[in-house]
file input_22.txt (compact mmCIF, C-alpha atoms and all ligand atoms)
# COMPACT_ATOMS: atom_id res chain seq x y z
CA MET A 26 86.82 169.20 87.45
CA LEU A 27 83.19 168.59 88.30
CA TYR A 28 80.29 170.90 87.53
CA LEU A 29 76.67 170.16 88.38
CA ASP A 30 74.05 172.78 87.65
CA GLY A 31 70.30 172.57 88.26
CA VAL A 32 70.33 168.78 88.38
CA THR A 33 67.03 167.07 89.14
CA LYS A 34 66.15 163.38 89.40
CA SER A 35 62.80 161.96 90.43
CA PHE A 36 61.85 158.42 91.34
CA ASP A 37 58.11 157.82 90.98
CA GLY A 38 57.43 161.54 91.32
CA PHE A 39 59.70 161.94 94.38
CA LYS A 40 62.59 164.35 93.81
CA ALA A 41 65.66 162.55 95.17
CA ILE A 42 67.79 165.30 93.61
CA ASN A 43 66.21 168.72 93.34
CA ASN A 44 67.91 171.56 91.48
CA LEU A 45 71.36 170.53 92.75
CA SER A 46 74.36 172.66 91.83
CA LEU A 47 77.90 171.85 92.91
CA VAL A 48 81.37 172.75 91.63
CA VAL A 49 84.53 170.88 92.61
CA GLN A 50 87.81 172.38 91.46
CA ARG A 51 90.75 170.51 89.98
CA GLY A 52 92.86 169.28 92.91
CA GLU A 53 90.12 169.97 95.46
CA MET A 54 88.80 167.54 98.07
CA ARG A 55 85.17 168.10 99.04
CA ALA A 56 83.31 166.44 101.89
CA ILE A 57 79.59 165.80 101.40
CA ILE A 58 77.45 165.41 104.50
CA GLY A 59 73.72 165.25 105.10
CA PRO A 60 70.98 163.12 106.65
CA ASN A 61 69.87 159.74 105.33
CA GLY A 62 67.93 160.16 102.11
CA ALA A 63 69.49 163.56 101.35
CA GLY A 64 70.49 162.35 97.89
CA LYS A 65 74.22 161.74 98.39
CA THR A 66 74.24 158.30 96.78
CA THR A 67 71.95 159.41 93.95
CA MET A 68 74.34 162.31 93.27
CA MET A 69 77.27 159.88 93.01
CA ASP A 70 75.15 157.62 90.77
CA ILE A 71 74.47 160.57 88.44
CA ILE A 72 78.15 161.56 88.24
CA THR A 73 79.22 157.99 87.43
CA GLY A 74 76.49 157.41 84.85
CA LYS A 75 74.62 154.79 86.86
CA THR A 76 71.57 157.07 87.00
CA ARG A 77 70.54 159.59 84.37
CA PRO A 78 69.25 162.95 85.63
CA ASP A 79 65.87 164.21 84.37
CA SER A 80 67.34 167.65 83.80
CA GLY A 81 70.40 169.79 84.53
CA ASP A 82 74.04 169.88 83.50
CA VAL A 83 76.76 167.48 84.65
CA PHE A 84 80.23 168.23 83.29
CA PHE A 85 83.63 166.70 84.00
CA ALA A 86 87.06 168.21 83.31
CA GLY A 87 85.55 171.31 81.76
CA ASP A 88 83.58 170.17 78.75
CA VAL A 89 82.80 166.45 79.03
CA ASP A 90 79.02 166.11 79.30
CA LEU A 91 78.64 163.12 81.63
CA THR A 92 74.93 162.76 80.88
CA GLN A 93 75.90 161.58 77.39
CA HIS A 94 78.07 158.66 78.52
CA ASP A 95 77.51 155.29 80.19
CA GLU A 96 79.14 153.96 83.35
CA ALA A 97 81.99 152.13 81.62
CA ALA A 98 82.88 155.13 79.47
CA ILE A 99 82.83 157.47 82.49
CA ALA A 100 85.08 155.13 84.48
CA SER A 101 87.57 155.00 81.62
CA MET A 102 87.56 158.80 81.37
CA GLY A 103 89.10 159.03 84.82
CA ILE A 104 86.32 158.99 87.41
CA GLY A 105 86.87 156.28 90.02
CA ARG A 106 84.29 155.30 92.60
CA LYS A 107 84.73 153.47 95.85
CA PHE A 108 81.61 152.03 97.41
CA GLN A 109 81.23 151.68 101.16
CA LYS A 110 81.78 147.93 101.23
CA PRO A 111 85.21 146.82 100.02
CA THR A 112 85.10 144.71 96.87
CA VAL A 113 88.65 143.38 96.69
CA PHE A 114 89.55 139.93 95.35
CA GLU A 115 89.84 138.10 98.66
CA GLY A 116 91.84 135.15 97.35
CA LEU A 117 94.53 137.24 95.68
CA THR A 118 97.50 138.98 97.24
CA ILE A 119 97.54 142.73 97.63
CA GLU A 120 100.02 143.09 94.81
CA ASP A 121 97.88 141.02 92.45
CA ASN A 122 94.78 143.00 93.36
CA LEU A 123 96.64 146.18 92.38
CA ARG A 124 97.95 144.61 89.17
CA LEU A 125 94.49 143.52 88.12
CA SER A 126 93.08 147.00 88.69
CA MET A 127 95.87 148.57 86.71
CA ASP A 128 95.13 146.37 83.74
CA GLY A 129 91.44 147.13 83.62
CA SER A 130 89.96 145.12 80.80
CA ARG A 131 92.80 142.61 80.36
CA SER A 132 91.75 139.06 81.32
CA ILE A 133 92.69 137.90 84.82
CA PHE A 134 95.13 135.32 83.45
CA ARG A 135 96.85 137.79 81.16
CA ALA A 136 96.92 140.45 83.86
CA LEU A 137 98.65 138.20 86.37
CA PHE A 138 101.27 136.92 83.93
CA HIS A 139 101.72 140.08 81.94
CA ARG A 140 105.30 141.43 82.06
CA ARG A 141 105.31 144.77 83.81
CA THR A 142 107.01 147.75 82.31
CA ALA A 143 109.34 149.53 84.73
CA ALA A 144 106.85 152.39 84.94
CA GLU A 145 103.99 150.05 85.90
CA ALA A 146 106.15 148.39 88.55
CA ASP A 147 107.06 151.82 89.95
CA THR A 148 103.41 152.83 90.10
CA ILE A 149 102.56 149.71 92.10
CA GLU A 150 105.42 150.45 94.51
CA ASP A 151 104.17 154.02 94.92
CA ILE A 152 100.63 152.86 95.64
CA LEU A 153 101.84 150.24 98.15
CA ASP A 154 103.81 152.97 99.87
CA GLU A 155 100.99 155.53 99.81
CA THR A 156 98.47 153.05 101.23
CA ARG A 157 101.04 151.80 103.79
CA LEU A 158 100.64 148.24 102.48
CA THR A 159 104.21 147.57 101.32
CA GLN A 160 104.88 145.15 104.19
CA LYS A 161 101.69 143.25 103.36
CA ARG A 162 102.20 142.98 99.60
CA THR A 163 102.24 139.18 99.51
CA VAL A 164 99.38 138.75 101.99
CA ARG A 165 96.00 137.62 100.65
CA ALA A 166 93.37 140.31 100.79
CA ALA A 167 91.18 137.99 102.88
CA ASP A 168 93.73 138.27 105.69
CA LEU A 169 93.69 142.06 105.90
CA SER A 170 91.91 144.07 108.58
CA HIS A 171 88.80 146.00 107.56
CA GLY A 172 90.78 149.24 107.38
CA GLN A 173 93.56 147.70 105.29
CA LYS A 174 90.96 146.33 102.85
CA GLN A 175 89.53 149.80 102.43
CA TRP A 176 93.02 151.20 101.77
CA LEU A 177 93.68 148.42 99.28
CA GLU A 178 90.51 149.31 97.45
CA ILE A 179 91.52 152.97 97.39
CA GLY A 180 94.88 151.76 96.04
CA MET A 181 93.06 149.79 93.36
CA LEU A 182 91.31 152.97 92.30
CA LEU A 183 94.65 154.79 92.18
CA ALA A 184 96.02 152.04 89.93
CA GLN A 185 93.50 153.22 87.34
CA ASP A 186 94.93 156.72 87.64
CA PRO A 187 91.65 158.64 88.00
CA GLU A 188 91.49 162.44 87.98
CA LEU A 189 88.43 162.40 90.22
CA LEU A 190 87.77 159.91 93.03
CA LEU A 191 84.35 159.47 94.59
CA VAL A 192 84.56 157.80 97.99
CA ASP A 193 81.50 156.64 99.90
CA GLU A 194 81.75 156.47 103.73
CA PRO A 195 85.34 155.24 103.83
CA VAL A 196 85.71 155.14 107.62
CA ALA A 197 82.48 153.35 108.57
CA GLY A 198 83.50 150.49 110.89
CA MET A 199 87.11 151.67 111.25
CA THR A 200 89.05 152.05 114.48
CA ASP A 201 90.14 155.58 115.49
CA ALA A 202 93.70 154.88 114.33
CA GLU A 203 92.45 153.59 110.96
CA THR A 204 90.20 156.62 110.59
CA GLU A 205 93.15 158.92 111.17
CA GLU A 206 95.25 157.00 108.67
CA THR A 207 92.46 157.24 106.08
CA ALA A 208 92.31 161.01 106.49
CA ARG A 209 96.07 161.16 105.88
CA LEU A 210 95.75 158.95 102.79
CA LEU A 211 92.91 160.97 101.24
CA ARG A 212 94.70 164.25 101.94
CA LYS A 213 97.78 162.87 100.19
CA ILE A 214 95.71 161.72 97.21
CA ALA A 215 94.06 165.13 96.98
CA GLU A 216 97.46 166.74 96.38
CA THR A 217 97.28 165.48 92.81
CA ARG A 218 93.63 164.56 92.19
CA SER A 219 90.15 165.78 92.97
CA VAL A 220 88.26 163.83 95.63
CA VAL A 221 84.61 163.84 96.68
CA VAL A 222 84.04 162.03 99.96
CA VAL A 223 80.65 161.27 101.45
CA GLU A 224 80.86 160.72 105.20
CA HIS A 225 78.73 160.83 108.33
CA ASP A 226 81.65 160.79 110.77
CA MET A 227 82.16 164.45 111.69
CA HIS A 228 85.36 163.72 113.59
CA PHE A 229 86.81 162.37 110.33
CA VAL A 230 85.43 165.27 108.26
CA ARG A 231 87.21 167.63 110.63
CA MET A 232 90.48 165.77 110.07
CA LEU A 233 90.09 166.20 106.30
CA ASP A 234 90.03 169.97 106.83
CA VAL A 235 88.30 170.73 103.50
CA LYS A 236 85.24 172.60 102.24
CA VAL A 237 82.01 170.84 103.23
CA THR A 238 78.69 170.65 101.40
CA CYS A 239 75.61 169.62 103.36
CA LEU A 240 72.85 168.14 101.21
CA HIS A 241 69.22 167.95 102.28
CA GLU A 242 66.20 166.89 100.22
CA GLY A 243 68.35 166.62 97.12
CA THR A 244 69.84 170.09 97.18
CA VAL A 245 72.61 172.10 98.85
CA LEU A 246 71.52 173.25 102.30
CA SER A 247 74.83 174.77 103.36
CA GLU A 248 78.39 175.00 102.11
CA GLY A 249 81.70 176.25 103.49
CA THR A 250 84.19 175.34 106.18
CA LEU A 251 83.07 172.67 108.64
CA ASP A 252 82.87 175.35 111.33
CA HIS A 253 80.60 177.48 109.13
CA VAL A 254 78.36 174.57 108.12
CA SER A 255 78.10 173.11 111.59
CA LYS A 256 76.98 176.46 113.01
CA ASP A 257 74.27 176.80 110.35
CA GLU A 258 70.91 176.55 112.16
CA ARG A 259 69.33 174.66 109.25
CA VAL A 260 72.11 172.04 109.31
CA ILE A 261 71.74 171.66 113.08
CA GLU A 262 67.99 171.24 112.69
CA VAL A 263 67.99 168.58 109.96
CA TYR A 264 71.26 166.77 110.65
CA LEU A 265 73.82 167.59 113.29
CA GLY A 266 71.41 168.33 116.09
CA ARG A 267 69.67 164.97 115.79
N1 LIG B 301 66.11 153.70 92.58
C1 LIG B 301 65.34 154.37 93.42
N2 LIG B 301 63.99 154.25 93.40
C2 LIG B 301 63.21 154.95 94.23
N3 LIG B 301 63.66 155.80 95.18
C3 LIG B 301 64.98 155.96 95.26
C4 LIG B 301 65.90 155.27 94.41
N4 LIG B 301 67.15 155.65 94.73
C5 LIG B 301 67.04 156.53 95.75
N5 LIG B 301 65.74 156.72 96.07
C6 LIG B 301 65.23 157.64 97.11
O1 LIG B 301 65.86 158.88 96.93
C7 LIG B 301 66.19 159.49 98.18
C8 LIG B 301 67.66 159.80 98.23
O2 LIG B 301 68.37 158.59 98.43
P1 LIG B 301 69.95 158.49 98.51
O3 LIG B 301 70.28 157.04 98.65
O4 LIG B 301 70.55 159.21 97.38
O5 LIG B 301 70.25 159.26 99.88
P2 LIG B 301 71.61 159.31 100.73
O6 LIG B 301 71.84 160.72 101.05
O7 LIG B 301 72.67 158.58 100.00
O8 LIG B 301 71.24 158.52 102.05
P3 LIG B 301 72.18 157.62 103.02
O9 LIG B 301 72.94 158.57 103.87
O10 LIG B 301 71.16 156.85 103.81
O11 LIG B 301 73.03 156.74 102.15
C9 LIG B 301 65.72 158.52 99.25
O12 LIG B 301 64.45 158.94 99.72
C10 LIG B 301 65.61 157.20 98.51
O13 LIG B 301 64.62 156.38 99.08
call {"tool": "encode", "arguments": {"input": "input_22.txt", "output": "structure tokens", "more": "lines below"}}
Ligand SMILES: Nc1ncnc2c1ncn2[C@@H]1O[C@H](COP(=O)(O)OP(=O)(O)OP(=O)(O)O)[C@@H](O)[C@H]1O
result
Amino acid sequence: MLYLDGVTKSFDGFKAINNLSLVVQRGEMRAIIGPNGAGKTTMMDIITGKTRPDSGDVFFAGDVDLTQHDEAAIASMGIGRKFQKPTVFEGLTIEDNLRLSMDGSRSIFRALFHRRTAAEADTIEDILDETRLTQKRTVRAADLSHGQKQWLEIGMLLAQDPELLLVDEPVAGMTDAETEETARLLRKIAETRSVVVVEHDMHFVRMLDVKVTCLHEGTVLSEGTLDHVSKDERVIEVYLGR
């Protein structure tokens, strides 16, 4: 689903990404950890077309060369990104937020008054159910808890039906119960899609129970199960032991 090979990106001579190689399989969830400045955000920026690498290969779904496309094109190809801070439409209900996301480029007015097909209505029901927001469907996003807003935004990504979801620090600021619920939600999503999740919260990463990649100085320092990576002396030295 995602293939990075020998990717390098410098800013003013500083290599934020340095010969980075990473492969994420179709239907795989991967957790990315690493200290501040390791290059996690820059990697996500490269995958989504926000930043162009200086060199290296970046392929999606086998043969789509992501370095040849811009952000909008990459989003429409099926790569969804969730930033750390939720960016939902606060004044709209949960249902309307989901409808708007599903419609993509349709104008807000047309999206809200557009007659749903049965299939679209079913998809919205499924997303409400998956994100545990069915009971809150008519509530304005502004009135949700922080955790619920994050789930709504994940739901908004799902409404665009991406094959690959990139999720940046989803549980920052969440309660323990919300963190647990988020792990359940991402695991469910990863049954049918690929997911890359960047996270500092090791308790949460353990709940995901997936292969972990630790980045450091723009490259892969260690990769494997969380137990393997967290026993790696180099990971302890630069990250976990701090
Ligand atoms: N546009 C830019 N111009 C200059 N330097 C940049 C730019 N973007 C990132 N960097 C530098 O590249 C390095 C990697 O940054 P990046 O944000 O990718 O790290 P990160 O792993 O996401 O860190 P964090 O965990 O703090 O979010 C940092 O040293 C950062 O200062």
call {"tool": "residues_near_ligand", "arguments": {"input": "input_22.txt", "ligand": "ligand LIG 301 (chain B)", "cutoff": "9 Å", "atoms": "all atoms listed in the file", "output": "PyMOL selection string"}}
result
chain A and resi 34-37+39-42+58-70+76+193-194+223-225+240-243
call {"tool": "atom_distance", "arguments": {"input": "input_22.txt", "atom1": "atom CA of Ile149 of chain A", "atom2": "atom CA of Asp168 of chain A"}}
result
19.8 Å
call {"tool": "closest_residue", "arguments": {"input": "input_22.txt", "among": "A:Leu158, A:Ala167, A:Val32, A:Met54", "to": "Ser80 of chain A", "atoms": "only C-alpha atoms"}}
result
A:Val32
call {"tool": "residues_around", "arguments": {"input": "input_22.txt", "residues": "Val235 of chain A", "least_positions_apart": "4", "cutoff": "8 Å", "atoms": "only C-alpha atoms", "output": "ChimeraX atom specification"}}
result
/A:54-56,230-231,250-251
call {"tool": "atom_distance", "arguments": {"input": "input_22.txt", "atom1": "atom CA of Leu233 of chain A", "atom2": "atom CA of Leu189 of chain A"}}
result
16.6 Å
call {"tool": "residues_around", "arguments": {"input": "input_22.txt", "residues": "Met26 of chain A", "least_positions_apart": "3", "cutoff": "8 Å", "atoms": "all atoms listed in the file", "output": "list in words"}}
result
Val48, Val49, Gln50, Arg51, Phe84, Phe85, Ala86, Gly87, Leu189 and Ser219 of chain A
call {"tool": "residues_near_point", "arguments": {"input": "input_22.txt", "point": "(102.1, 144.4, 99.8)", "cutoff": "10 Å", "atoms": "all atoms listed in the file", "output": "PyMOL selection string"}}
result
chain A and resi 118-123+149-150+152-154+156-166+177
call {"tool": "write_last_selection", "arguments": {"input": "input_22.txt", "atoms": "C-alpha atoms", "output": "PDB file, in the coordinates of the input"}}
result
ATOM      1  CA  THR A 118      97.500 138.980  97.240  1.00  0.00           C
ATOM      2  CA  ILE A 119      97.540 142.730  97.630  1.00  0.00           C
ATOM      3  CA  GLU A 120     100.020 143.090  94.810  1.00  0.00           C
ATOM      4  CA  ASP A 121      97.880 141.020  92.450  1.00  0.00           C
ATOM      5  CA  ASN A 122      94.780 143.000  93.360  1.00  0.00           C
ATOM      6  CA  LEU A 123      96.640 146.180  92.380  1.00  0.00           C
ATOM      7  CA  ILE A 149     102.560 149.710  92.100  1.00  0.00           C
ATOM      8  CA  GLU A 150     105.420 150.450  94.510  1.00  0.00           C
ATOM      9  CA  ILE A 152     100.630 152.860  95.640  1.00  0.00           C
ATOM     10  CA  LEU A 153     101.840 150.240  98.150  1.00  0.00           C
ATOM     11  CA  ASP A 154     103.810 152.970  99.870  1.00  0.00           C
ATOM     12  CA  THR A 156      98.470 153.050 101.230  1.00  0.00           C
ATOM     13  CA  ARG A 157     101.040 151.800 103.790  1.00  0.00           C
ATOM     14  CA  LEU A 158     100.640 148.240 102.480  1.00  0.00           C
ATOM     15  CA  THR A 159     104.210 147.570 101.320  1.00  0.00           C
ATOM     16  CA  GLN A 160     104.880 145.150 104.190  1.00  0.00           C
ATOM     17  CA  LYS A 161     101.690 143.250 103.360  1.00  0.00           C
ATOM     18  CA  ARG A 162     102.200 142.980  99.600  1.00  0.00           C
ATOM     19  CA  THR A 163     102.240 139.180  99.510  1.00  0.00           C
ATOM     20  CA  VAL A 164      99.380 138.750 101.990  1.00  0.00           C
ATOM     21  CA  ARG A 165      96.000 137.620 100.650  1.00  0.00           C
ATOM     22  CA  ALA A 166      93.370 140.310 100.790  1.00  0.00           C
ATOM     23  CA  LEU A 177      93.680 148.420  99.280  1.00  0.00           C
TER      24      LEU A 177
END
call {"tool": "atom_distance", "arguments": {"input": "input_22.txt", "atom1": "atom CA of Val260 of chain A", "atom2": "atom CA of Ala208 of chain A"}}
result
23.2 Å
call {"tool": "closest_residue", "arguments": {"input": "input_22.txt", "among": "A:Ser255, A:Thr112, A:Thr207, A:Thr238", "to": "Ser46 of chain A", "atoms": "only C-alpha atoms"}}
result
A:Thr238
call {"tool": "closest_residue", "arguments": {"input": "input_22.txt", "among": "A:Asn44, A:Ile57, A:Leu183, A:Glu96", "to": "Val254 of chain A", "atoms": "only C-alpha atoms"}}
result
A:Ile57
call {"tool": "closest_residue", "arguments": {"input": "input_22.txt", "among": "A:Gly31, A:Cys239, A:Gly105, A:Ser126", "to": "Lys256 of chain A", "atoms": "all atoms listed in the file"}}
result
A:Cys239
call {"tool": "residues_around", "arguments": {"input": "input_22.txt", "residues": "Thr204 of chain A", "least_positions_apart": "5", "cutoff": "7 Å", "atoms": "all atoms listed in the file", "output": "PyMOL selection string"}}
result
chain A and resi 196+199+229
call {"tool": "decode", "arguments": {"input": "input_22.txt", "residues": "segment 71-160 of chain A", "atoms": "C-alpha atoms", "output": "PDB file, in the first residue's frame"}}
result
ATOM      1  CA  ILE A  71       5.998  13.721   1.943  1.00  0.00           C
ATOM      2  CA  ILE A  72       3.388  10.955   1.666  1.00  0.00           C
ATOM      3  CA  THR A  73       0.539  13.468   1.344  1.00  0.00           C
ATOM      4  CA  GLY A  74       2.332  15.673  -1.179  1.00  0.00           C
ATOM      5  CA  LYS A  75       2.704  18.659   1.132  1.00  0.00           C
ATOM      6  CA  THR A  76       6.496  18.352   0.934  1.00  0.00           C
ATOM      7  CA  ARG A  77       8.482  17.054  -2.018  1.00  0.00           C
ATOM      8  CA  PRO A  78      11.439  14.790  -1.230  1.00  0.00           C
ATOM      9  CA  ASP A  79      14.867  15.661  -2.683  1.00  0.00           C
ATOM     10  CA  SER A  80      15.386  12.043  -3.680  1.00  0.00           C
ATOM     11  CA  GLY A  81      13.981   8.547  -3.201  1.00  0.00           C
ATOM     12  CA  ASP A  82      10.859   6.642  -4.180  1.00  0.00           C
ATOM     13  CA  VAL A  83       7.386   7.087  -2.692  1.00  0.00           C
ATOM     14  CA  PHE A  84       4.737   4.749  -4.091  1.00  0.00           C
ATOM     15  CA  PHE A  85       1.113   4.154  -3.139  1.00  0.00           C
ATOM     16  CA  ALA A  86      -1.059   1.135  -3.977  1.00  0.00           C
ATOM     17  CA  GLY A  87       1.730  -0.508  -5.935  1.00  0.00           C
ATOM     18  CA  ASP A  88       2.555   1.812  -8.795  1.00  0.00           C
ATOM     19  CA  VAL A  89       1.274   5.324  -8.041  1.00  0.00           C
ATOM     20  CA  ASP A  90       4.323   7.594  -7.787  1.00  0.00           C
ATOM     21  CA  LEU A  91       3.261  10.070  -5.086  1.00  0.00           C
ATOM     22  CA  THR A  92       6.154  12.420  -5.836  1.00  0.00           C
ATOM     23  CA  GLN A  93       4.421  13.260  -9.123  1.00  0.00           C
ATOM     24  CA  HIS A  94       1.145  14.435  -7.592  1.00  0.00           C
ATOM     25  CA  ASP A  95      -0.018  17.392  -5.504  1.00  0.00           C
ATOM     26  CA  GLU A  96      -1.842  17.314  -2.176  1.00  0.00           C
ATOM     27  CA  ALA A  97      -5.360  17.512  -3.616  1.00  0.00           C
ATOM     28  CA  ALA A  98      -4.708  14.748  -6.124  1.00  0.00           C
ATOM     29  CA  ILE A  99      -3.188  12.499  -3.443  1.00  0.00           C
ATOM     30  CA  ALA A 100      -6.166  13.050  -1.126  1.00  0.00           C
ATOM     31  CA  SER A 101      -8.576  12.137  -3.911  1.00  0.00           C
ATOM     32  CA  MET A 102      -6.582   8.972  -4.664  1.00  0.00           C
ATOM     33  CA  GLY A 103      -7.488   7.604  -1.245  1.00  0.00           C
ATOM     34  CA  ILE A 104      -4.949   8.845   1.284  1.00  0.00           C
ATOM     35  CA  GLY A 105      -6.629  10.558   4.238  1.00  0.00           C
ATOM     36  CA  ARG A 106      -4.749  12.490   6.888  1.00  0.00           C
ATOM     37  CA  LYS A 107      -5.819  13.462  10.357  1.00  0.00           C
ATOM     38  CA  PHE A 108      -3.814  16.168  12.045  1.00  0.00           C
ATOM     39  CA  GLN A 109      -3.371  16.266  15.802  1.00  0.00           C
ATOM     40  CA  LYS A 110      -5.802  19.117  16.371  1.00  0.00           C
ATOM     41  CA  PRO A 111      -9.387  18.351  15.369  1.00  0.00           C
ATOM     42  CA  THR A 112     -10.665  20.513  12.521  1.00  0.00           C
ATOM     43  CA  VAL A 113     -14.376  19.759  12.558  1.00  0.00           C
ATOM     44  CA  PHE A 114     -17.071  22.322  11.694  1.00  0.00           C
ATOM     45  CA  GLU A 115     -18.005  23.365  15.224  1.00  0.00           C
ATOM     46  CA  GLY A 116     -21.364  24.911  14.333  1.00  0.00           C
ATOM     47  CA  LEU A 117     -22.674  21.894  12.443  1.00  0.00           C
ATOM     48  CA  THR A 118     -24.141  18.687  13.800  1.00  0.00           C
ATOM     49  CA  ILE A 119     -22.176  15.476  13.695  1.00  0.00           C
ATOM     50  CA  GLU A 120     -24.307  14.146  10.888  1.00  0.00           C
ATOM     51  CA  ASP A 121     -23.782  17.271   8.793  1.00  0.00           C
ATOM     52  CA  ASN A 122     -20.036  17.164   9.391  1.00  0.00           C
ATOM     53  CA  LEU A 123     -20.018  13.610   8.028  1.00  0.00           C
ATOM     54  CA  ARG A 124     -22.216  14.562   5.068  1.00  0.00           C
ATOM     55  CA  LEU A 125     -19.944  17.429   4.127  1.00  0.00           C
ATOM     56  CA  SER A 126     -16.875  15.188   4.218  1.00  0.00           C
ATOM     57  CA  MET A 127     -18.565  12.595   2.081  1.00  0.00           C
ATOM     58  CA  ASP A 128     -19.344  15.145  -0.579  1.00  0.00           C
ATOM     59  CA  GLY A 129     -15.830  16.481  -0.849  1.00  0.00           C
ATOM     60  CA  SER A 130     -15.862  19.254  -3.396  1.00  0.00           C
ATOM     61  CA  ARG A 131     -19.621  19.891  -3.473  1.00  0.00           C
ATOM     62  CA  SER A 132     -20.523  23.335  -2.066  1.00  0.00           C
ATOM     63  CA  ILE A 133     -21.645  23.452   1.570  1.00  0.00           C
ATOM     64  CA  PHE A 134     -25.175  24.461   0.577  1.00  0.00           C
ATOM     65  CA  ARG A 135     -25.519  21.708  -1.987  1.00  0.00           C
ATOM     66  CA  ALA A 136     -23.962  19.156   0.334  1.00  0.00           C
ATOM     67  CA  LEU A 137     -26.408  19.865   3.148  1.00  0.00           C
ATOM     68  CA  PHE A 138     -29.497  19.793   0.931  1.00  0.00           C
ATOM     69  CA  HIS A 139     -28.371  17.107  -1.454  1.00  0.00           C
ATOM     70  CA  ARG A 140     -30.684  14.058  -1.460  1.00  0.00           C
ATOM     71  CA  ARG A 141     -28.802  11.066  -0.167  1.00  0.00           C
ATOM     72  CA  THR A 142     -28.786   7.811  -2.015  1.00  0.00           C
ATOM     73  CA  ALA A 143     -29.628   4.822   0.182  1.00  0.00           C
ATOM     74  CA  ALA A 144     -25.998   3.723  -0.020  1.00  0.00           C
ATOM     75  CA  GLU A 145     -24.730   7.111   1.199  1.00  0.00           C
ATOM     76  CA  ALA A 146     -27.216   7.089   4.071  1.00  0.00           C
ATOM     77  CA  ASP A 147     -26.072   3.575   5.020  1.00  0.00           C
ATOM     78  CA  THR A 148     -22.435   4.656   4.986  1.00  0.00           C
ATOM     79  CA  ILE A 149     -23.201   7.518   7.367  1.00  0.00           C
ATOM     80  CA  GLU A 150     -25.035   5.117   9.697  1.00  0.00           C
ATOM     81  CA  ASP A 151     -22.065   2.746   9.623  1.00  0.00           C
ATOM     82  CA  ILE A 152     -19.621   5.531  10.440  1.00  0.00           C
ATOM     83  CA  LEU A 153     -21.815   6.827  13.290  1.00  0.00           C
ATOM     84  CA  ASP A 154     -21.912   3.306  14.661  1.00  0.00           C
ATOM     85  CA  GLU A 155     -18.179   2.656  14.227  1.00  0.00           C
ATOM     86  CA  THR A 156     -17.232   5.936  15.931  1.00  0.00           C
ATOM     87  CA  ARG A 157     -19.861   5.356  18.663  1.00  0.00           C
ATOM     88  CA  LEU A 158     -21.505   8.690  17.828  1.00  0.00           C
ATOM     89  CA  THR A 159     -24.973   7.481  16.814  1.00  0.00           C
ATOM     90  CA  GLN A 160     -26.580   8.859  19.987  1.00  0.00           C
TER      91      GLN A 160
END
